[in-house]
file target04.txt (compact mmCIF, C-alpha atoms)
# COMPACT_ATOMS: atom_id res chain seq x y z
CA MET I 1 20.73 49.59 5.84
CA ARG I 2 21.46 45.93 5.60
CA PHE I 3 18.22 45.39 3.67
CA ARG I 4 19.09 48.18 1.28
CA ASN I 5 22.43 46.52 0.54
CA LEU I 6 20.64 43.26 -0.04
CA ASP I 7 18.30 44.92 -2.49
CA ALA I 8 21.26 46.35 -4.36
CA GLU I 9 22.89 42.95 -4.45
CA VAL I 10 19.77 41.28 -5.84
CA THR I 11 19.44 44.01 -8.46
CA HIS I 12 23.07 43.48 -9.43
CA MET I 13 22.56 39.73 -9.68
CA THR I 14 19.52 39.99 -11.89
CA ARG I 15 20.80 42.72 -14.18
CA SER I 16 24.46 41.75 -14.49
CA PRO I 17 25.14 40.06 -17.86
CA THR I 18 28.15 38.23 -16.44
CA HIS I 19 26.05 36.73 -13.68
CA GLY I 20 23.58 35.32 -16.20
CA ARG I 21 26.44 33.77 -18.14
CA SER I 22 27.93 32.23 -15.00
CA ARG I 23 24.60 30.57 -14.27
CA ARG I 24 24.47 29.14 -17.79
CA TYR I 25 27.69 27.11 -17.45
CA PRO I 26 26.56 24.89 -14.56
CA VAL I 27 23.32 24.21 -16.43
CA LEU I 28 25.24 23.19 -19.55
CA LEU I 29 27.66 21.13 -17.50
CA SER I 30 24.81 19.38 -15.72
CA LEU I 31 23.58 18.16 -19.12
CA LEU I 32 26.84 16.28 -19.56
CA VAL I 33 26.43 14.30 -16.36
CA ALA I 34 25.72 10.71 -17.27
CA ALA I 35 22.62 9.12 -15.82
CA ALA I 36 23.02 5.91 -13.86
CA ALA I 37 22.56 2.78 -15.94
CA HIS I 38 20.84 -0.01 -14.08
CA ALA I 39 22.12 -3.31 -15.35
CA HIS I 40 19.64 -5.27 -13.26
CA ALA I 41 15.97 -4.69 -12.65
CA GLN I 42 14.99 -3.63 -9.18
CA ALA I 43 13.99 -6.49 -6.98
CA GLY I 44 12.06 -7.01 -3.78
CA LEU I 45 9.90 -4.36 -2.15
CA ALA I 46 11.24 -1.41 -4.15
CA GLY I 47 11.07 -3.28 -7.45
CA GLY I 48 7.54 -4.45 -6.84
CA PHE I 49 6.37 -1.00 -5.82
CA ALA I 50 8.11 0.74 -8.72
CA SER I 51 6.72 -1.62 -11.35
CA GLY I 52 3.22 -1.41 -9.86
CA PHE I 53 3.32 2.37 -9.57
CA LEU I 54 4.55 2.82 -13.12
CA HIS I 55 2.15 0.31 -14.69
CA PRO I 56 -0.86 2.66 -14.94
CA ILE I 57 1.34 5.67 -15.71
CA LEU I 58 3.39 4.18 -18.54
CA GLY I 59 0.30 2.77 -20.24
CA GLY I 60 -1.09 5.80 -22.05
CA ASP I 61 -4.61 4.41 -22.34
CA HIS I 62 -4.70 3.56 -18.62
CA LEU I 63 -3.36 6.99 -17.77
CA VAL I 64 -5.84 9.07 -19.74
CA ALA I 65 -8.80 6.89 -18.74
CA MET I 66 -7.99 7.31 -15.04
CA VAL I 67 -7.63 11.06 -15.43
CA ALA I 68 -10.93 11.08 -17.34
CA VAL I 69 -12.68 9.38 -14.39
CA GLY I 70 -11.59 12.29 -12.20
CA LEU I 71 -12.56 14.86 -14.84
CA TRP I 72 -16.01 13.36 -15.29
CA GLY I 73 -16.53 13.12 -11.53
CA ALA I 74 -15.70 16.81 -11.22
CA GLN I 75 -18.08 17.66 -14.07
CA LEU I 76 -20.89 15.65 -12.47
CA GLY I 77 -20.29 17.30 -9.10
CA ARG I 78 -21.49 15.86 -5.80
CA PRO I 79 -21.78 13.00 -5.00
CA ALA I 80 -19.95 11.65 -8.06
CA ILE I 81 -16.84 13.76 -7.46
CA TRP I 82 -16.04 11.75 -4.35
CA LEU I 83 -18.04 8.53 -4.85
CA LEU I 84 -16.38 7.58 -8.14
CA PRO I 85 -12.80 7.76 -6.79
CA ILE I 86 -13.85 5.85 -3.64
CA THR I 87 -15.72 3.06 -5.42
CA PHE I 88 -13.43 2.76 -8.46
CA PRO I 89 -10.48 1.12 -6.60
CA SER I 90 -12.76 -1.44 -4.96
CA VAL I 91 -14.40 -2.40 -8.25
CA MET I 92 -11.01 -2.35 -9.95
CA ALA I 93 -9.76 -4.74 -7.25
CA LEU I 94 -12.49 -7.21 -8.23
CA GLY I 95 -11.13 -7.13 -11.79
CA GLY I 96 -7.64 -7.47 -10.36
CA LEU I 97 -8.81 -10.47 -8.35
CA LEU I 98 -10.08 -12.12 -11.55
CA GLY I 99 -6.67 -11.47 -13.11
CA VAL I 100 -4.86 -12.90 -10.08
CA LEU I 101 -7.10 -16.00 -10.12
CA GLY I 102 -6.36 -16.46 -13.82
CA VAL I 103 -9.96 -15.89 -14.95
CA ALA I 104 -9.72 -14.63 -18.52
CA LEU I 105 -11.75 -11.68 -19.71
CA PRO I 106 -12.24 -11.08 -23.44
CA LEU I 107 -10.44 -8.26 -25.26
CA VAL I 108 -9.05 -6.65 -22.12
CA GLU I 109 -6.65 -4.26 -23.86
CA VAL I 110 -9.28 -3.32 -26.46
CA VAL I 111 -11.81 -2.48 -23.73
CA VAL I 112 -9.16 -0.47 -21.85
CA ALA I 113 -8.57 1.61 -24.99
CA LEU I 114 -12.33 1.81 -25.55
CA SER I 115 -12.75 3.08 -21.99
CA ALA I 116 -10.53 6.06 -22.81
CA ILE I 117 -12.64 6.81 -25.91
CA VAL I 118 -15.97 6.51 -24.08
CA LEU I 119 -14.89 8.39 -20.94
CA GLY I 120 -13.21 11.05 -23.07
CA ALA I 121 -16.37 11.46 -25.14
CA LEU I 122 -18.48 11.71 -21.97
CA VAL I 123 -16.18 14.44 -20.65
CA ALA I 124 -16.05 16.20 -24.03
CA THR I 125 -19.85 16.30 -24.27
CA ALA I 126 -20.22 17.07 -20.55
CA ALA I 127 -22.70 14.21 -20.36
CA ARG I 128 -24.83 14.14 -17.21
CA PRO I 129 -26.56 10.74 -16.96
CA PRO I 130 -28.14 9.59 -13.68
CA PHE I 131 -25.47 8.75 -11.12
CA ARG I 132 -26.26 5.03 -11.19
CA VAL I 133 -25.66 4.91 -14.94
CA ALA I 134 -22.37 6.78 -14.53
CA ALA I 135 -21.32 4.38 -11.76
CA ILE I 136 -22.14 1.33 -13.90
CA VAL I 137 -20.22 2.69 -16.91
CA VAL I 138 -17.15 3.49 -14.78
CA GLY I 139 -17.50 0.21 -12.86
CA ILE I 140 -17.46 -1.94 -16.00
CA PHE I 141 -14.30 -0.22 -17.22
CA ALA I 142 -12.76 -0.48 -13.73
CA VAL I 143 -13.06 -4.27 -13.87
CA PHE I 144 -11.08 -4.40 -17.14
CA HIS I 145 -8.44 -1.96 -15.94
CA GLY I 146 -8.06 -3.98 -12.74
CA HIS I 147 -7.80 -7.21 -14.71
CA ALA I 148 -4.98 -5.79 -16.85
CA HIS I 149 -3.04 -4.86 -13.72
CA GLY I 150 -3.97 -7.97 -11.77
CA THR I 151 -2.70 -10.46 -14.33
CA GLU I 152 0.82 -9.13 -13.78
CA LEU I 153 0.56 -9.10 -9.99
CA PRO I 154 1.53 -12.72 -9.21
CA ALA I 155 4.74 -12.40 -11.27
CA ALA I 156 5.82 -9.15 -9.59
CA ALA I 157 9.02 -8.94 -7.58
CA ASN I 158 6.86 -8.27 -4.53
CA PRO I 159 3.14 -8.73 -5.25
CA LEU I 160 1.94 -6.71 -2.26
CA ALA I 161 4.22 -3.79 -3.09
CA TYR I 162 3.11 -4.04 -6.75
CA GLY I 163 -0.53 -3.85 -5.63
CA VAL I 164 0.17 -0.88 -3.38
CA GLY I 165 2.00 0.84 -6.25
CA PHE I 166 -0.67 0.48 -8.89
CA VAL I 167 -3.57 1.31 -6.56
CA LEU I 168 -1.72 4.40 -5.34
CA ALA I 169 -0.89 5.51 -8.89
CA THR I 170 -4.49 4.98 -9.98
CA GLY I 171 -5.77 7.03 -7.05
CA LEU I 172 -3.32 9.83 -7.76
CA LEU I 173 -4.38 9.90 -11.42
CA HIS I 174 -8.00 10.25 -10.28
CA LEU I 175 -6.92 13.07 -8.02
CA ALA I 176 -5.13 14.77 -10.91
CA GLY I 177 -8.32 14.51 -12.97
CA ILE I 178 -10.44 15.90 -10.14
CA LEU I 179 -8.08 18.83 -9.58
CA LEU I 180 -8.07 19.57 -13.30
CA GLY I 181 -11.82 19.11 -13.38
CA THR I 182 -12.40 21.70 -10.66
CA LEU I 183 -11.58 24.27 -13.35
CA VAL I 184 -15.21 23.85 -14.50
CA ARG I 185 -16.09 26.38 -11.81
CA ARG I 186 -14.32 29.07 -13.82
CA PRO I 187 -15.94 30.61 -16.90
CA TRP I 188 -13.22 29.43 -19.25
CA GLY I 189 -12.60 26.19 -17.36
CA ALA I 190 -15.60 24.23 -18.64
CA GLY I 191 -14.35 24.47 -22.22
CA LEU I 192 -10.83 23.50 -21.19
CA VAL I 193 -12.07 20.41 -19.36
CA ARG I 194 -14.16 19.40 -22.37
CA ALA I 195 -11.07 19.87 -24.57
CA CYS I 196 -9.21 17.52 -22.20
CA GLY I 197 -11.97 15.00 -22.87
CA VAL I 198 -11.32 15.28 -26.61
CA VAL I 199 -7.61 14.62 -26.02
CA VAL I 200 -8.44 11.60 -23.85
CA ALA I 201 -10.73 10.19 -26.54
CA LEU I 202 -8.07 10.75 -29.23
CA VAL I 203 -5.43 8.96 -27.17
CA GLY I 204 -7.87 6.12 -26.64
CA GLY I 205 -8.53 6.00 -30.37
CA TYR I 206 -4.81 5.81 -31.08
CA PHE I 207 -4.43 2.83 -28.76
CA LEU I 208 -7.52 1.15 -30.21
CA LEU I 209 -6.09 1.49 -33.70
CA GLY I 210 -2.83 0.10 -32.38
CA HIS I 211 -4.61 -2.98 -31.02
CA SER I 212 -6.38 -3.42 -34.35
CA GLY I 213 -2.99 -3.89 -36.01
CA LEU I 214 -3.19 -0.87 -38.29
CA PHE I 215 0.14 0.39 -36.94
CA GLY I 216 1.83 -2.91 -37.53
CA MET F 1 28.94 40.52 -3.59
CA THR F 2 32.60 40.05 -4.40
CA ALA F 3 33.55 40.17 -0.72
CA ALA F 4 30.84 37.72 0.25
CA ARG F 5 31.76 35.06 -2.29
CA PRO F 6 35.10 33.96 -0.76
CA ARG F 7 33.42 33.76 2.61
CA ARG F 8 30.70 31.51 1.21
CA VAL F 9 33.25 29.31 -0.56
CA ALA F 10 35.28 29.04 2.62
CA LEU F 11 32.16 28.15 4.59
CA ALA F 12 31.18 25.50 2.03
CA LEU F 13 34.68 24.01 2.12
CA ALA F 14 34.69 24.00 5.90
CA LEU F 15 31.32 22.26 5.97
CA GLY F 16 32.53 19.76 3.41
CA ALA F 17 35.58 18.99 5.50
CA LEU F 18 33.57 18.26 8.63
CA PRO F 19 34.02 14.63 9.62
CA SER F 20 30.91 12.56 9.96
CA THR F 21 30.36 10.39 13.00
CA ALA F 22 32.02 7.01 12.79
CA TRP F 23 30.10 4.22 14.50
CA ALA F 24 32.54 1.66 15.83
CA HIS F 25 29.75 -0.59 17.04
CA LEU F 26 26.38 -1.34 15.59
CA VAL F 27 23.33 -0.02 17.33
CA SER F 28 22.32 -3.66 17.66
CA ALA F 29 24.91 -4.09 20.41
CA ARG F 30 22.38 -3.11 23.09
CA PHE F 31 18.94 -2.09 21.92
CA GLY F 32 19.06 -3.85 18.57
CA ASP F 33 16.09 -6.09 19.30
CA PHE F 34 14.03 -3.06 20.27
CA TYR F 35 14.76 -1.40 16.94
CA THR F 36 14.14 -4.66 15.11
CA GLY F 37 10.75 -4.91 16.75
CA LEU F 38 10.02 -1.25 16.10
CA LEU F 39 10.96 -1.30 12.44
CA HIS F 40 9.58 -4.71 11.51
CA PRO F 41 5.91 -3.68 11.29
CA LEU F 42 6.67 -0.17 10.09
CA THR F 43 8.69 -1.35 7.11
CA ALA F 44 6.23 -4.00 5.94
CA PHE F 45 3.06 -3.14 4.05
CA GLU F 46 1.53 -6.32 5.54
CA ASN F 47 1.31 -4.59 8.91
CA ALA F 48 1.60 -0.89 8.18
CA LEU F 49 -1.46 -0.67 5.90
CA PRO F 50 -4.03 -2.40 8.13
CA TRP F 51 -2.69 -0.51 11.15
CA LEU F 52 -3.00 2.71 9.21
CA ALA F 53 -6.57 1.78 8.30
CA LEU F 54 -7.39 1.00 11.95
CA GLY F 55 -5.91 4.31 13.06
CA MET F 56 -7.83 6.18 10.37
CA PHE F 57 -11.04 4.41 11.34
CA ALA F 58 -10.43 5.43 14.96
CA GLY F 59 -9.82 9.00 13.78
CA LEU F 60 -13.17 9.04 11.99
CA GLN F 61 -15.03 8.24 15.20
CA PRO F 62 -16.46 10.98 17.42
CA ARG F 63 -13.87 12.69 19.59
CA GLY F 64 -12.87 10.63 22.62
CA ARG F 65 -14.43 7.35 21.49
CA SER F 66 -11.16 5.87 20.26
CA ARG F 67 -9.10 6.93 23.28
CA TRP F 68 -8.92 3.45 24.87
CA LEU F 69 -7.99 1.89 21.55
CA LEU F 70 -4.68 3.75 21.71
CA LEU F 71 -3.88 1.68 24.80
CA ALA F 72 -5.59 -1.59 23.86
CA PHE F 73 -4.07 -1.97 20.40
CA PRO F 74 -0.35 -1.64 21.31
CA LEU F 75 -0.85 -3.94 24.31
CA ALA F 76 -2.56 -6.52 22.08
CA VAL F 77 0.23 -6.26 19.51
CA ALA F 78 2.86 -6.69 22.22
CA ALA F 79 0.96 -9.63 23.74
CA GLY F 80 0.70 -11.28 20.34
CA ALA F 81 4.41 -10.82 19.67
CA ALA F 82 5.23 -12.29 23.10
CA LEU F 83 2.97 -15.30 22.56
CA ALA F 84 4.25 -16.12 19.08
CA GLY F 85 7.07 -18.25 20.44
CA ALA F 86 4.57 -20.47 22.24
CA THR F 87 1.92 -20.68 19.55
CA GLY F 88 4.12 -20.90 16.47
CA GLU F 89 2.53 -20.12 13.11
CA LEU F 90 -1.20 -20.60 13.50
CA PRO F 91 -3.04 -21.95 10.44
CA GLY F 92 -4.87 -19.22 8.57
CA LEU F 93 -3.08 -16.42 10.42
CA ARG F 94 -1.67 -14.84 7.26
CA LEU F 95 -5.02 -15.06 5.50
CA PHE F 96 -6.73 -13.50 8.51
CA ASN F 97 -4.27 -10.61 8.48
CA LEU F 98 -4.82 -10.08 4.76
CA LEU F 99 -8.56 -10.05 5.34
CA SER F 100 -7.99 -7.35 7.95
CA PHE F 101 -6.88 -5.13 5.03
CA VAL F 102 -10.28 -5.60 3.42
CA VAL F 103 -12.43 -5.25 6.54
CA LEU F 104 -10.62 -2.22 7.96
CA GLY F 105 -10.31 -0.59 4.52
CA VAL F 106 -14.05 -1.01 3.88
CA LEU F 107 -14.85 0.38 7.35
CA VAL F 108 -12.77 3.49 6.59
CA ALA F 109 -14.31 3.82 3.12
CA LEU F 110 -17.82 3.63 4.61
CA GLY F 111 -16.87 6.03 7.39
CA ARG F 112 -19.48 4.64 9.76
CA GLU F 113 -19.49 5.15 13.52
CA VAL F 114 -19.22 2.16 15.87
CA THR F 115 -19.44 1.79 19.62
CA GLN F 116 -16.37 2.10 21.80
CA GLY F 117 -16.61 -1.57 22.77
CA ALA F 118 -16.70 -2.71 19.16
CA LEU F 119 -13.74 -0.50 18.31
CA ILE F 120 -11.65 -1.84 21.18
CA ALA F 121 -12.64 -5.43 20.38
CA ALA F 122 -11.67 -5.00 16.72
CA GLY F 123 -8.38 -3.35 17.68
CA THR F 124 -7.55 -6.11 20.17
CA VAL F 125 -8.25 -8.94 17.74
CA VAL F 126 -6.32 -7.27 14.90
CA GLY F 127 -3.51 -6.36 17.28
CA LEU F 128 -3.17 -9.91 18.60
CA ALA F 129 -3.16 -11.42 15.11
CA HIS F 130 -0.61 -8.96 13.73
CA GLY F 131 1.47 -9.24 16.90
CA LEU F 132 1.62 -13.02 16.45
CA GLU F 133 2.82 -12.57 12.85
CA ASN F 134 5.47 -10.09 13.97
CA GLY F 135 6.59 -12.33 16.80
CA LEU F 136 7.41 -15.08 14.32
CA ALA F 137 10.18 -12.83 12.96
CA PHE F 138 11.95 -12.74 16.33
CA GLN F 139 15.39 -14.27 16.15
CA ARG F 140 16.15 -16.78 18.91
CA GLY F 141 18.94 -15.71 21.23
CA GLY F 142 17.95 -12.06 21.30
CA SER F 143 16.01 -10.17 23.91
CA LEU F 144 12.31 -10.98 23.53
CA LEU F 145 11.40 -8.23 25.98
CA LEU F 146 13.10 -5.56 23.87
CA PHE F 147 11.58 -6.95 20.67
CA VAL F 148 8.08 -6.99 22.16
CA CYS F 149 8.52 -3.43 23.48
CA GLY F 150 9.62 -2.33 20.00
CA VAL F 151 6.61 -3.92 18.28
CA GLY F 152 4.28 -2.42 20.87
CA CYS F 153 5.80 1.04 20.44
CA ALA F 154 5.39 0.76 16.66
CA GLY F 155 1.73 -0.10 17.18
CA TYR F 156 1.23 2.86 19.49
CA LEU F 157 3.07 5.30 17.19
CA LEU F 158 1.27 4.32 14.02
CA ILE F 159 -2.22 4.06 15.48
CA THR F 160 -1.90 7.33 17.38
CA LEU F 161 -0.47 9.33 14.50
CA ALA F 162 -3.00 7.92 12.03
CA ALA F 163 -5.95 8.54 14.35
CA ALA F 164 -4.87 12.05 15.29
CA GLY F 165 -3.95 13.01 11.73
CA THR F 166 -7.24 11.71 10.34
CA GLN F 167 -9.32 13.44 13.00
CA VAL F 168 -7.58 16.77 12.42
CA ILE F 169 -7.75 16.62 8.62
CA ALA F 170 -11.32 15.27 8.47
CA SER F 171 -12.64 17.85 10.92
CA ARG F 172 -10.86 20.90 9.52
CA HIS F 173 -11.11 20.41 5.76
CA ASP F 174 -14.07 19.57 3.55
CA TRP F 175 -11.93 17.26 1.46
CA GLY F 176 -10.39 15.56 4.53
CA LEU F 177 -13.18 13.06 5.07
CA ILE F 178 -13.30 12.25 1.34
CA ALA F 179 -9.54 11.74 1.21
CA ALA F 180 -9.63 9.45 4.25
CA ARG F 181 -12.43 7.37 2.76
CA ALA F 182 -10.62 7.17 -0.58
CA VAL F 183 -7.47 5.89 1.17
CA GLY F 184 -9.66 3.32 2.94
CA SER F 185 -10.95 2.09 -0.41
CA TRP F 186 -7.37 1.83 -1.70
CA ILE F 187 -6.39 -0.33 1.29
CA ALA F 188 -9.46 -2.51 0.81
CA ALA F 189 -8.62 -2.88 -2.89
CA ILE F 190 -5.08 -4.02 -2.10
CA GLY F 191 -6.47 -6.46 0.47
CA ILE F 192 -8.96 -7.99 -1.98
CA MET F 193 -6.23 -8.75 -4.52
CA MET F 194 -3.74 -10.01 -1.95
CA THR F 195 -6.33 -12.27 -0.36
CA GLY F 196 -7.04 -13.70 -3.80
CA LEU F 197 -3.35 -14.25 -4.39
CA ALA F 198 -2.96 -15.97 -1.02
CA LEU F 199 -5.92 -18.22 -1.78
CA THR F 200 -4.44 -19.25 -5.13
CA ALA F 201 -1.11 -19.97 -3.43
CA THR F 202 -2.76 -22.28 -0.91
call {"tool": "encode", "arguments": {"input": "target04.txt", "output": "structure tokens"}}
result
Amino acid sequence: MRFRNLDAEVTHMTRSPTHGRSRRYPVLLSLLVAAAAHAHAQAGLAGGFASGFLHPILGGDHLVAMVAVGLWGAQLGRPAIWLLPITFPSVMALGGLLGVLGVALPLVEVVVALSAIVLGALVATAARPPFRVAAIVVGIFAVFHGHAHGTELPAAANPLAYGVGFVLATGLLHLAGILLGTLVRRPWGAGLVRACGVVVALVGGYFLLGHSGLFG
Amino acid sequence: MTAARPRRVALALALGALPSTAWAHLVSARFGDFYTGLLHPLTAFENALPWLALGMFAGLQPRGRSRWLLLAFPLAVAAGAALAGATGELPGLRLFNLLSFVVLGVLVALGREVTQGALIAAGTVVGLAHGLENGLAFQRGGSLLLFVCGVGCAGYLLITLAAAGTQVIASRHDWGLIAARAVGSWIAAIGIMMTGLALTAT
């Protein structure tokens, strides 16, 4: 009996026009709530972690390239699907080490944008080179991505927390790419993943044009 | 519905009016040094990450092989924390602890098996070194015994949870071993960069 009453109550809630309106007001009111304004940047452990975590995410070319690594790994299947995400951070750390030590690499930002174009194109064409070739291609780009992150590490509020943040974010972006890439097992998924590759390459192209100065 | 609403509002108001506990004295009045010792390694990436890697590496070993590590590591950490007052800051200690990120992270990433003796030896050396670093944070005038017990408990908690969690996940799920090895490579990557930074600083 109690369950029947509950059913009736739920039916009333979902069908009642007044109930829908009453739910609308809190939503509208919540839009008026002002967000907190931070007058000072975060410092210490939290600041270092936040800036490191956001560094690969807020850089569009970094973001799409990392997702593309996961997508390509999923397309290539075993062992690439798990070897690329395991080896990428270590190779990226070598690039980061060069950045920390102040060793300059040429055209870092251009190569980062280029990595998105190349990786996107490889995903879009579902390229299947030998694993060693794939590892070398990804490894070269990993060094440049690591260098871009590593140069900012010494100046971070907390360098260790910054390093933890950007490595974690990079790994999670790989994971996102792998999860998206597992759609290749479905009949319609292969095309979707290849379309994602096209988007990655386009984003990379946009950033490359930006570095060339065409957008001012 | 209409009858239930006032009851819910009244319940919400009553819950909102409940007083929260007021602490007249800080927890540090008695066991403060224990909590300081417990939280010090758990709230610092410098300790938490290599300990996590060691626990994960233990979890990747065949069942039963890492059992004695769960005893050896916390004892080594506690011994290190107790000895820190006598030894002071040893030269190269910080660099050694940063290198433990790299070594332990690589071991997890490779996922290789080692003998029980090697595992205990590695855990004891890492535990002693990290215990010494933790012991340097002990404030004079407090209870060293409580602080050392806290650091040792932290070592036991982290290593046991990491080892057990890794063993369960890696043995029950296909992706578990891959995830553990990926986390190992992340820890190694952080260690490589931090070691480089420490070298440039020196």
call {"tool": "interface_residues", "arguments": {"input": "target04.txt", "of": "chain I", "to": "chain F", "cutoff": "10 Å", "atoms": "only C-alpha atoms", "output": "JSON, numbers by chain"}}
result
{"I": [5, 6, 8, 9, 10, 12, 13, 45, 81, 82, 83, 84, 85, 86, 87, 88, 89, 90, 91, 92, 93, 94, 95, 96, 97, 98, 99, 100, 101, 102, 146, 150, 153, 154, 159, 160, 161, 162, 163, 164, 165, 166, 167, 168, 170, 171, 175]}
call {"tool": "residues_around", "arguments": {"input": "target04.txt", "residues": "stretch 193-207 of chain I", "least_positions_apart": "6", "cutoff": "8 Å", "atoms": "all atoms listed in the file", "output": "PDB file with C-alpha atoms, in the frame of the given file"}}
result
ATOM      1  CA  GLY I  60      -1.090   5.800 -22.050  1.00  0.00           C
ATOM      2  CA  ASP I  61      -4.610   4.410 -22.340  1.00  0.00           C
ATOM      3  CA  VAL I  64      -5.840   9.070 -19.740  1.00  0.00           C
ATOM      4  CA  ALA I  65      -8.800   6.890 -18.740  1.00  0.00           C
ATOM      5  CA  ALA I  68     -10.930  11.080 -17.340  1.00  0.00           C
ATOM      6  CA  LEU I  71     -12.560  14.860 -14.840  1.00  0.00           C
ATOM      7  CA  ALA I 113      -8.570   1.610 -24.990  1.00  0.00           C
ATOM      8  CA  LEU I 114     -12.330   1.810 -25.550  1.00  0.00           C
ATOM      9  CA  SER I 115     -12.750   3.080 -21.990  1.00  0.00           C
ATOM     10  CA  ALA I 116     -10.530   6.060 -22.810  1.00  0.00           C
ATOM     11  CA  ILE I 117     -12.640   6.810 -25.910  1.00  0.00           C
ATOM     12  CA  VAL I 118     -15.970   6.510 -24.080  1.00  0.00           C
ATOM     13  CA  LEU I 119     -14.890   8.390 -20.940  1.00  0.00           C
ATOM     14  CA  GLY I 120     -13.210  11.050 -23.070  1.00  0.00           C
ATOM     15  CA  ALA I 121     -16.370  11.460 -25.140  1.00  0.00           C
ATOM     16  CA  LEU I 122     -18.480  11.710 -21.970  1.00  0.00           C
ATOM     17  CA  VAL I 123     -16.180  14.440 -20.650  1.00  0.00           C
ATOM     18  CA  ALA I 124     -16.050  16.200 -24.030  1.00  0.00           C
ATOM     19  CA  THR I 125     -19.850  16.300 -24.270  1.00  0.00           C
ATOM     20  CA  ALA I 126     -20.220  17.070 -20.550  1.00  0.00           C
ATOM     21  CA  LEU I 180      -8.070  19.570 -13.300  1.00  0.00           C
ATOM     22  CA  GLY I 181     -11.820  19.110 -13.380  1.00  0.00           C
ATOM     23  CA  LEU I 183     -11.580  24.270 -13.350  1.00  0.00           C
ATOM     24  CA  VAL I 184     -15.210  23.850 -14.500  1.00  0.00           C
TER      25      VAL I 184
END
call {"tool": "residues_around", "arguments": {"input": "target04.txt", "residues": "stretch 118-123 of chain F", "least_positions_apart": "5", "cutoff": "8 Å", "atoms": "only C-alpha atoms", "output": "list in words"}}
result
Leu54, Ala58, Ser66, Trp68, Leu69, Ala72, Phe73 and Ala76 of chain F
call {"tool": "write_last_selection", "arguments": {"input": "target04.txt", "atoms": "C-alpha atoms", "output": "PDB file, keeping the file's coordinate frame"}}
result
ATOM      1  CA  LEU F  54      -7.390   1.000  11.950  1.00  0.00           C
ATOM      2  CA  ALA F  58     -10.430   5.430  14.960  1.00  0.00           C
ATOM      3  CA  SER F  66     -11.160   5.870  20.260  1.00  0.00           C
ATOM      4  CA  TRP F  68      -8.920   3.450  24.870  1.00  0.00           C
ATOM      5  CA  LEU F  69      -7.990   1.890  21.550  1.00  0.00           C
ATOM      6  CA  ALA F  72      -5.590  -1.590  23.860  1.00  0.00           C
ATOM      7  CA  PHE F  73      -4.070  -1.970  20.400  1.00  0.00           C
ATOM      8  CA  ALA F  76      -2.560  -6.520  22.080  1.00  0.00           C
TER       9      ALA F  76
END
call {"tool": "atom_distance", "arguments": {"input": "target04.txt", "atom1": "atom CA of F:Gly131", "atom2": "atom CA of F:Val148"}}
result
8.7 Å
call {"tool": "atom_distance", "arguments": {"input": "target04.txt", "atom1": "atom CA of F:Gly80", "atom2": "atom CA of F:Asn134"}}
result
8.0 Å
call {"tool": "residues_around", "arguments": {"input": "target04.txt", "residues": "F:Thr87", "least_positions_apart": "2", "cutoff": "12 Å", "atoms": "all atoms listed in the file", "output": "ChimeraX atom specification"}}
result
/F:79-85,89-91,93,128-129,131-133,135-136
call {"tool": "closest_residue", "arguments": {"input": "target04.txt", "among": "F:Leu107, F:Leu60, F:Leu144, F:Leu99", "to": "F:Ala162", "atoms": "all atoms listed in the file"}}
result
F:Leu60
call {"tool": "atom_distance", "arguments": {"input": "target04.txt", "atom1": "atom CA of I:Leu76", "atom2": "atom CA of F:Ile169"}}
result
24.9 Å
call {"tool": "residues_around", "arguments": {"input": "target04.txt", "residues": "F:Leu145", "least_positions_apart": "2", "cutoff": "10 Å", "atoms": "only C-alpha atoms", "output": "PyMOL selection string"}}
result
chain F and resi 33-34+37+78+81-82+142-143+147-150
call {"tool": "write_last_selection", "arguments": {"input": "target04.txt", "atoms": "C-alpha atoms", "output": "mmCIF file, keeping the file's coordinate frame"}}
result
data_model
loop_
_atom_site.group_PDB
_atom_site.id
_atom_site.type_symbol
_atom_site.label_atom_id
_atom_site.label_comp_id
_atom_site.auth_asym_id
_atom_site.auth_seq_id
_atom_site.Cartn_x
_atom_site.Cartn_y
_atom_site.Cartn_z
ATOM 1 C CA ASP F 33 16.090 -6.090 19.300
ATOM 2 C CA PHE F 34 14.030 -3.060 20.270
ATOM 3 C CA GLY F 37 10.750 -4.910 16.750
ATOM 4 C CA ALA F 78 2.860 -6.690 22.220
ATOM 5 C CA ALA F 81 4.410 -10.820 19.670
ATOM 6 C CA ALA F 82 5.230 -12.290 23.100
ATOM 7 C CA GLY F 142 17.950 -12.060 21.300
ATOM 8 C CA SER F 143 16.010 -10.170 23.910
ATOM 9 C CA PHE F 147 11.580 -6.950 20.670
ATOM 10 C CA VAL F 148 8.080 -6.990 22.160
ATOM 11 C CA CYS F 149 8.520 -3.430 23.480
ATOM 12 C CA GLY F 150 9.620 -2.330 20.000
#
call {"tool": "residues_around", "arguments": {"input": "target04.txt", "residues": "F:Gly152", "least_positions_apart": "4", "cutoff": "8 Å", "atoms": "all atoms listed in the file", "output": "number ranges by chain"}}
result
F: 38, 74-75, 77-78, 148, 156
call {"tool": "closest_residue", "arguments": {"input": "target04.txt", "among": "F:Gly117, F:His130, F:Gly155, F:Ala163", "to": "F:Arg94", "atoms": "all atoms listed in the file"}}
result
F:His130
call {"tool": "axis_aligned_box", "arguments": {"input": "target04.txt", "around": "stretch 61-66 of chain I", "padding_each_side": "4 Å", "output": "lines of an AutoDock Vina configuration file"}}
result
center_x = -6.1
center_y = 6.3
center_z = -18.7
size_x = 13.4
size_y = 13.5
size_z = 15.3
call {"tool": "closest_residue", "arguments": {"input": "target04.txt", "among": "F:Asn47, F:Ser171, F:Gln61, F:Gln139", "to": "F:Val126", "atoms": "only C-alpha atoms"}}
result
F:Asn47
